[in-house]
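K.L.:
mmCIF, N, CA and C atoms, saved as coords-v7.cif, coming up:
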```
data_data
loop_
_atom_site.group_PDB
_atom_site.id
_atom_site.type_symbol
_atom_site.label_atom_id
_atom_site.label_comp_id
_atom_site.auth_asym_id
_atom_site.auth_seq_id
_atom_site.Cartn_x
_atom_site.Cartn_y
_atom_site.Cartn_z
ATOM 1 N N MET A 1 213.516 183.960 75.501
ATOM 2 C CA MET A 1 212.931 184.919 76.412
ATOM 3 C C MET A 1 213.247 186.329 75.941
ATOM 4 N N ARG A 2 212.335 187.205 76.236
ATOM 5 C CA ARG A 2 212.502 188.612 75.875
ATOM 6 C C ARG A 2 212.060 189.474 77.058
ATOM 7 N N THR A 3 212.724 190.590 77.246
ATOM 8 C CA THR A 3 212.341 191.530 78.296
ATOM 9 C C THR A 3 211.887 192.825 77.645
ATOM 10 N N LEU A 4 210.757 193.304 78.106
ATOM 11 C CA LEU A 4 210.143 194.511 77.572
ATOM 12 C C LEU A 4 209.967 195.511 78.714
ATOM 13 N N VAL A 5 210.404 196.736 78.500
ATOM 14 C CA VAL A 5 210.217 197.799 79.489
ATOM 15 C C VAL A 5 209.199 198.779 78.918
ATOM 16 N N LEU A 6 208.123 198.973 79.657
ATOM 17 C CA LEU A 6 207.032 199.825 79.198
ATOM 18 C C LEU A 6 206.867 201.032 80.107
ATOM 19 N N ASP A 7 206.682 202.190 79.501
ATOM 20 C CA ASP A 7 206.372 203.409 80.238
ATOM 21 C C ASP A 7 204.872 203.384 80.523
ATOM 22 N N VAL A 8 204.516 203.398 81.796
ATOM 23 C CA VAL A 8 203.109 203.332 82.194
ATOM 24 C C VAL A 8 202.783 204.585 83.018
ATOM 25 N N PRO A 9 202.410 205.677 82.334
ATOM 26 C CA PRO A 9 202.210 206.953 83.018
ATOM 27 C C PRO A 9 201.129 206.931 84.095
ATOM 28 N N GLY A 10 200.172 206.034 83.998
ATOM 29 C CA GLY A 10 199.082 205.986 84.974
ATOM 30 C C GLY A 10 199.422 205.266 86.264
ATOM 31 N N ALA A 11 200.597 204.660 86.345
ATOM 32 C CA ALA A 11 200.995 203.918 87.546
ATOM 33 C C ALA A 11 201.564 204.882 88.576
ATOM 34 N N HIS A 12 200.912 204.954 89.753
ATOM 35 C CA HIS A 12 201.408 205.895 90.757
ATOM 36 C C HIS A 12 201.307 205.406 92.203
ATOM 37 N N CYS A 13 200.807 204.179 92.420
ATOM 38 C CA CYS A 13 200.672 203.705 93.803
ATOM 39 C C CYS A 13 200.740 202.175 93.850
ATOM 40 N N GLY A 14 200.673 201.642 95.046
ATOM 41 C CA GLY A 14 200.733 200.198 95.230
ATOM 42 C C GLY A 14 199.577 199.464 94.577
ATOM 43 N N ALA A 15 198.398 200.071 94.592
ATOM 44 C CA ALA A 15 197.243 199.442 93.947
ATOM 45 C C ALA A 15 197.445 199.369 92.435
ATOM 46 N N CYS A 16 198.044 200.407 91.870
ATOM 47 C CA CYS A 16 198.359 200.397 90.438
ATOM 48 C C CYS A 16 199.342 199.265 90.141
ATOM 49 N N ARG A 17 200.376 199.159 90.973
ATOM 50 C CA ARG A 17 201.374 198.101 90.797
ATOM 51 C C ARG A 17 200.697 196.729 90.799
ATOM 52 N N ALA A 18 199.828 196.497 91.775
ATOM 53 C CA ALA A 18 199.149 195.208 91.882
ATOM 54 C C ALA A 18 198.279 194.930 90.657
ATOM 55 N N ALA A 19 197.568 195.934 90.170
ATOM 56 C CA ALA A 19 196.700 195.752 89.004
ATOM 57 C C ALA A 19 197.511 195.449 87.748
ATOM 58 N N ILE A 20 198.630 196.123 87.592
ATOM 59 C CA ILE A 20 199.482 195.910 86.419
ATOM 60 C C ILE A 20 200.101 194.520 86.456
ATOM 61 N N VAL A 21 200.632 194.136 87.609
ATOM 62 C CA VAL A 21 201.227 192.801 87.749
ATOM 63 C C VAL A 21 200.176 191.735 87.476
ATOM 64 N N SER A 22 198.992 191.900 88.036
ATOM 65 C CA SER A 22 197.918 190.931 87.837
ATOM 66 C C SER A 22 197.542 190.808 86.364
ATOM 67 N N ALA A 23 197.414 191.930 85.683
ATOM 68 C CA ALA A 23 197.044 191.912 84.263
ATOM 69 C C ALA A 23 198.099 191.204 83.427
ATOM 70 N N LEU A 24 199.365 191.507 83.671
ATOM 71 C CA LEU A 24 200.435 190.909 82.869
ATOM 72 C C LEU A 24 200.653 189.436 83.210
ATOM 73 N N GLN A 25 200.576 189.085 84.489
ATOM 74 C CA GLN A 25 200.802 187.695 84.892
ATOM 75 C C GLN A 25 199.694 186.768 84.386
ATOM 76 N N ALA A 26 198.550 187.328 84.016
ATOM 77 C CA ALA A 26 197.449 186.517 83.495
ATOM 78 C C ALA A 26 197.756 185.961 82.108
ATOM 79 N N ALA A 27 198.723 186.546 81.428
ATOM 80 C CA ALA A 27 199.060 186.102 80.071
ATOM 81 C C ALA A 27 199.937 184.855 80.119
ATOM 82 N N VAL A 28 199.570 183.872 79.341
ATOM 83 C CA VAL A 28 200.388 182.663 79.211
ATOM 84 C C VAL A 28 201.693 183.056 78.541
ATOM 85 N N GLY A 29 202.802 182.675 79.146
ATOM 86 C CA GLY A 29 204.102 182.988 78.582
ATOM 87 C C GLY A 29 204.855 184.065 79.341
ATOM 88 N N VAL A 30 204.181 184.752 80.265
ATOM 89 C CA VAL A 30 204.863 185.762 81.081
ATOM 90 C C VAL A 30 205.621 185.051 82.191
ATOM 91 N N VAL A 31 206.913 185.352 82.291
ATOM 92 C CA VAL A 31 207.780 184.713 83.274
ATOM 93 C C VAL A 31 207.894 185.566 84.534
ATOM 94 N N SER A 32 208.075 186.869 84.364
ATOM 95 C CA SER A 32 208.176 187.754 85.528
ATOM 96 C C SER A 32 207.725 189.157 85.161
ATOM 97 N N THR A 33 207.280 189.867 86.191
ATOM 98 C CA THR A 33 206.826 191.241 86.013
ATOM 99 C C THR A 33 207.283 192.066 87.206
ATOM 100 N N GLU A 34 207.840 193.225 86.932
ATOM 101 C CA GLU A 34 208.224 194.170 87.979
ATOM 102 C C GLU A 34 207.656 195.535 87.600
ATOM 103 N N VAL A 35 207.163 196.250 88.587
ATOM 104 C CA VAL A 35 206.617 197.583 88.342
ATOM 105 C C VAL A 35 207.280 198.564 89.301
ATOM 106 N N ASP A 36 207.840 199.615 88.748
ATOM 107 C CA ASP A 36 208.440 200.699 89.528
ATOM 108 C C ASP A 36 207.507 201.896 89.402
ATOM 109 N N VAL A 37 206.668 202.109 90.426
ATOM 110 C CA VAL A 37 205.688 203.197 90.327
ATOM 111 C C VAL A 37 206.348 204.569 90.427
ATOM 112 N N ARG A 38 207.476 204.653 91.083
ATOM 113 C CA ARG A 38 208.175 205.941 91.181
ATOM 114 C C ARG A 38 208.627 206.402 89.798
ATOM 115 N N ARG A 39 209.156 205.459 89.013
ATOM 116 C CA ARG A 39 209.613 205.781 87.653
ATOM 117 C C ARG A 39 208.532 205.525 86.604
ATOM 118 N N ARG A 40 207.430 204.926 87.040
ATOM 119 C CA ARG A 40 206.293 204.596 86.162
ATOM 120 C C ARG A 40 206.709 203.686 85.003
ATOM 121 N N LEU A 41 207.422 202.613 85.377
ATOM 122 C CA LEU A 41 207.886 201.637 84.398
ATOM 123 C C LEU A 41 207.429 200.241 84.790
ATOM 124 N N ALA A 42 207.043 199.468 83.790
ATOM 125 C CA ALA A 42 206.734 198.051 83.984
ATOM 126 C C ALA A 42 207.736 197.254 83.156
ATOM 127 N N THR A 43 208.393 196.301 83.801
ATOM 128 C CA THR A 43 209.354 195.439 83.124
ATOM 129 C C THR A 43 208.786 194.033 83.133
ATOM 130 N N VAL A 44 208.638 193.458 81.965
ATOM 131 C CA VAL A 44 208.055 192.121 81.863
ATOM 132 C C VAL A 44 208.971 191.230 81.032
ATOM 133 N N THR A 45 209.248 190.045 81.560
ATOM 134 C CA THR A 45 210.026 189.041 80.841
ATOM 135 C C THR A 45 209.046 187.967 80.395
ATOM 136 N N PHE A 46 209.121 187.616 79.122
ATOM 137 C CA PHE A 46 208.125 186.700 78.573
ATOM 138 C C PHE A 46 208.716 185.832 77.471
ATOM 139 N N ASP A 47 208.022 184.737 77.198
ATOM 140 C CA ASP A 47 208.378 183.824 76.119
ATOM 141 C C ASP A 47 207.685 184.335 74.856
ATOM 142 N N GLU A 48 208.464 184.888 73.940
ATOM 143 C CA GLU A 48 207.879 185.498 72.743
ATOM 144 C C GLU A 48 207.263 184.484 71.785
ATOM 145 N N HIS A 49 207.431 183.195 72.067
ATOM 146 C CA HIS A 49 206.771 182.163 71.263
ATOM 147 C C HIS A 49 205.359 181.885 71.780
ATOM 148 N N ARG A 50 205.048 182.405 72.984
ATOM 149 C CA ARG A 50 203.742 182.152 73.584
ATOM 150 C C ARG A 50 202.870 183.401 73.690
ATOM 151 N N VAL A 51 203.507 184.575 73.729
ATOM 152 C CA VAL A 51 202.756 185.829 73.830
ATOM 153 C C VAL A 51 203.576 186.924 73.150
ATOM 154 N N THR A 52 202.891 187.877 72.544
ATOM 155 C CA THR A 52 203.598 188.952 71.839
ATOM 156 C C THR A 52 203.666 190.216 72.697
ATOM 157 N N ALA A 53 204.606 191.070 72.359
ATOM 158 C CA ALA A 53 204.720 192.362 73.040
ATOM 159 C C ALA A 53 203.447 193.177 72.825
ATOM 160 N N ALA A 54 202.883 193.103 71.636
ATOM 161 C CA ALA A 54 201.642 193.834 71.344
ATOM 162 C C ALA A 54 200.501 193.349 72.235
ATOM 163 N N ALA A 55 200.424 192.050 72.465
ATOM 164 C CA ALA A 55 199.374 191.503 73.332
ATOM 165 C C ALA A 55 199.548 191.997 74.766
ATOM 166 N N LEU A 56 200.784 192.111 75.220
ATOM 167 C CA LEU A 56 201.039 192.611 76.574
ATOM 168 C C LEU A 56 200.642 194.079 76.691
ATOM 169 N N ARG A 57 200.945 194.855 75.663
ATOM 170 C CA ARG A 57 200.525 196.264 75.659
ATOM 171 C C ARG A 57 198.997 196.369 75.701
ATOM 172 N N ASP A 58 198.332 195.507 74.933
ATOM 173 C CA ASP A 58 196.868 195.500 74.919
ATOM 174 C C ASP A 58 196.299 195.136 76.291
ATOM 175 N N LEU A 59 196.924 194.176 76.973
ATOM 176 C CA LEU A 59 196.470 193.796 78.312
ATOM 177 C C LEU A 59 196.559 194.972 79.278
ATOM 178 N N LEU A 60 197.646 195.706 79.191
ATOM 179 C CA LEU A 60 197.797 196.880 80.056
ATOM 180 C C LEU A 60 196.724 197.923 79.759
ATOM 181 N N ALA A 61 196.480 198.168 78.490
ATOM 182 C CA ALA A 61 195.459 199.148 78.107
ATOM 183 C C ALA A 61 194.082 198.711 78.599
ATOM 184 N N THR A 62 193.773 197.434 78.457
ATOM 185 C CA THR A 62 192.493 196.904 78.908
ATOM 186 C C THR A 62 192.344 197.041 80.421
ATOM 187 N N ALA A 63 193.453 196.908 81.140
ATOM 188 C CA ALA A 63 193.433 197.037 82.603
ATOM 189 C C ALA A 63 193.357 198.498 83.054
ATOM 190 N N GLY A 64 193.414 199.431 82.099
ATOM 191 C CA GLY A 64 193.317 200.846 82.435
ATOM 192 C C GLY A 64 194.650 201.561 82.553
ATOM 193 N N TYR A 65 195.714 200.899 82.100
ATOM 194 C CA TYR A 65 197.060 201.477 82.176
ATOM 195 C C TYR A 65 197.736 201.439 80.808
ATOM 196 N N PRO A 66 197.221 202.185 79.845
ATOM 197 C CA PRO A 66 197.823 202.140 78.502
ATOM 198 C C PRO A 66 199.272 202.624 78.537
ATOM 199 N N PRO A 67 200.175 201.842 77.962
ATOM 200 C CA PRO A 67 201.577 202.264 77.924
ATOM 201 C C PRO A 67 201.771 203.422 76.949
ATOM 202 N N ALA A 68 202.712 204.281 77.271
ATOM 203 C CA ALA A 68 203.002 205.435 76.410
ATOM 204 C C ALA A 68 203.845 205.006 75.227
#
```
Give the structure from this file in structure tokens form.
P.N.:
Amino acid sequence: MRTLVLDVPGAHCGACRAAIVSALQAAVGVVSTEVDVRRRLATVTFDEHRVTAAALRDLLATAGYPPA
């Protein structure tokens, strides 16, 4: 398992949190996702044998929340 903390400057409300969690949880291999909109951080724990960090970043960008 690996934990990745991403700076997500576009996250600022509950709807953003829900969209980010939904996008990341859709990936096979994601174990947990937490989003702190106050600090604009997304923390995702995932199985690196099933999904890559780059793929998770791409999912966020596709959802409209490109990580910094």
K.L.:
For the file shown, report as a list in words the outcome of the PyMOL selection byres ((chain A and resi 39-43) around 7) at residue level.
P.N.:
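After applying the PyMOL selection byres ((chain A and resi 39-43) around 7), what remains is Thr3, Leu4, Val5, Leu6, Asp7, Val8, Pro9, Gly10, Ala11, His12, Ser32, Thr33, Glu34, Val35, Asp36, Val37, Arg38, Val44 and Thr45 of chain A.
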K.L.:
As an mmCIF file with N, CA and C atoms, in the coordinates of the input, please: all residues of region 4-62 of chain A that backbone DSSP puts in strand (DSSP E).
P.N.:
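Generated file (part11.cif):
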```cif
data_model
loop_
_atom_site.group_PDB
_atom_site.id
_atom_site.type_symbol
_atom_site.label_atom_id
_atom_site.label_comp_id
_atom_site.auth_asym_id
_atom_site.auth_seq_id
_atom_site.Cartn_x
_atom_site.Cartn_y
_atom_site.Cartn_z
ATOM 1 N N LEU A 4 210.757 193.304 78.106
ATOM 2 C CA LEU A 4 210.143 194.511 77.572
ATOM 3 C C LEU A 4 209.967 195.511 78.714
ATOM 4 N N VAL A 5 210.404 196.736 78.500
ATOM 5 C CA VAL A 5 210.217 197.799 79.489
ATOM 6 C C VAL A 5 209.199 198.779 78.918
ATOM 7 N N LEU A 6 208.123 198.973 79.657
ATOM 8 C CA LEU A 6 207.032 199.825 79.198
ATOM 9 C C LEU A 6 206.867 201.032 80.107
ATOM 10 N N ASP A 7 206.682 202.190 79.501
ATOM 11 C CA ASP A 7 206.372 203.409 80.238
ATOM 12 C C ASP A 7 204.872 203.384 80.523
ATOM 13 N N VAL A 30 204.181 184.752 80.265
ATOM 14 C CA VAL A 30 204.863 185.762 81.081
ATOM 15 C C VAL A 30 205.621 185.051 82.191
ATOM 16 N N VAL A 31 206.913 185.352 82.291
ATOM 17 C CA VAL A 31 207.780 184.713 83.274
ATOM 18 C C VAL A 31 207.894 185.566 84.534
ATOM 19 N N SER A 32 208.075 186.869 84.364
ATOM 20 C CA SER A 32 208.176 187.754 85.528
ATOM 21 C C SER A 32 207.725 189.157 85.161
ATOM 22 N N THR A 33 207.280 189.867 86.191
ATOM 23 C CA THR A 33 206.826 191.241 86.013
ATOM 24 C C THR A 33 207.283 192.066 87.206
ATOM 25 N N GLU A 34 207.840 193.225 86.932
ATOM 26 C CA GLU A 34 208.224 194.170 87.979
ATOM 27 C C GLU A 34 207.656 195.535 87.600
ATOM 28 N N VAL A 35 207.163 196.250 88.587
ATOM 29 C CA VAL A 35 206.617 197.583 88.342
ATOM 30 C C VAL A 35 207.280 198.564 89.301
ATOM 31 N N ASP A 36 207.840 199.615 88.748
ATOM 32 C CA ASP A 36 208.440 200.699 89.528
ATOM 33 C C ASP A 36 207.507 201.896 89.402
ATOM 34 N N LEU A 41 207.422 202.613 85.377
ATOM 35 C CA LEU A 41 207.886 201.637 84.398
ATOM 36 C C LEU A 41 207.429 200.241 84.790
ATOM 37 N N ALA A 42 207.043 199.468 83.790
ATOM 38 C CA ALA A 42 206.734 198.051 83.984
ATOM 39 C C ALA A 42 207.736 197.254 83.156
ATOM 40 N N THR A 43 208.393 196.301 83.801
ATOM 41 C CA THR A 43 209.354 195.439 83.124
ATOM 42 C C THR A 43 208.786 194.033 83.133
ATOM 43 N N VAL A 44 208.638 193.458 81.965
ATOM 44 C CA VAL A 44 208.055 192.121 81.863
ATOM 45 C C VAL A 44 208.971 191.230 81.032
ATOM 46 N N THR A 45 209.248 190.045 81.560
ATOM 47 C CA THR A 45 210.026 189.041 80.841
ATOM 48 C C THR A 45 209.046 187.967 80.395
ATOM 49 N N PHE A 46 209.121 187.616 79.122
ATOM 50 C CA PHE A 46 208.125 186.700 78.573
ATOM 51 C C PHE A 46 208.716 185.832 77.471
#
```
K.L.:
Which residue out of A:Ala61, A:Val31, A:Ala68, A:Ala55 has the minimum interatomic distance to Met1 (chain A) when only C-alpha atoms are used?
P.N.:
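Checking each candidate against Met1 (chain A), we get A:Val31 as the closest.
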K.L.:
Kindly give the distance, in Å, that separates CA of Gly64 (chain A) and CA of Ile20 (chain A), rounded to a single decimal.
P.N.:
8.8 Å
K.L.:
Between CA of Thr52 (chain A) and CA of Tyr65 (chain A), what is the distance, to one decimal in Å?
P.N.:
17.5 Å
K.L.:
Any chance you could work out the axis-aligned box around region 31-46 of chain A, listed atoms only, 5 Å on each side, giving centre and edge lengths in Å to one decimal, as JSON?
P.N.:
```
{"center_x": 207.9, "center_y": 195.6, "center_z": 84.3, "size_x": 14.3, "size_y": 31.7, "size_z": 23.7}
```
K.L.:
So which residues touch Ala19 (chain A) within 8 Å, counting only C-alpha atoms, skipping near sequence neighbours fewer than 4 positions away, as a PyMOL selection string?
P.N.:
chain A and resi 15+23+63
K.L.:
Just asking: which residues within chain A are helix (DSSP H, G or I) according to DSSP, as a VMD selection string?
P.N.:
chain A and resid 14 to 25 53 to 62
K.L.:
Tell me which protein, DNA and RNA residues are within 6.5 Å of Arg50 (chain A), counting only N, CA and C atoms, leaving out same-chain ones fewer than 3 positions away, and put them as a list in words.
P.N.:
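That gives Val28, Gly29 and Asp47 of chain A.
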K.L.:
Which value, in Å to one decimal, gives the distance between atom N of Phe46 (chain A) and CA of Pro66 (chain A)?
P.N.:
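Interatomic distance, atom N of Phe46 (chain A) to CA of Pro66 (chain A): 18.4 Å.
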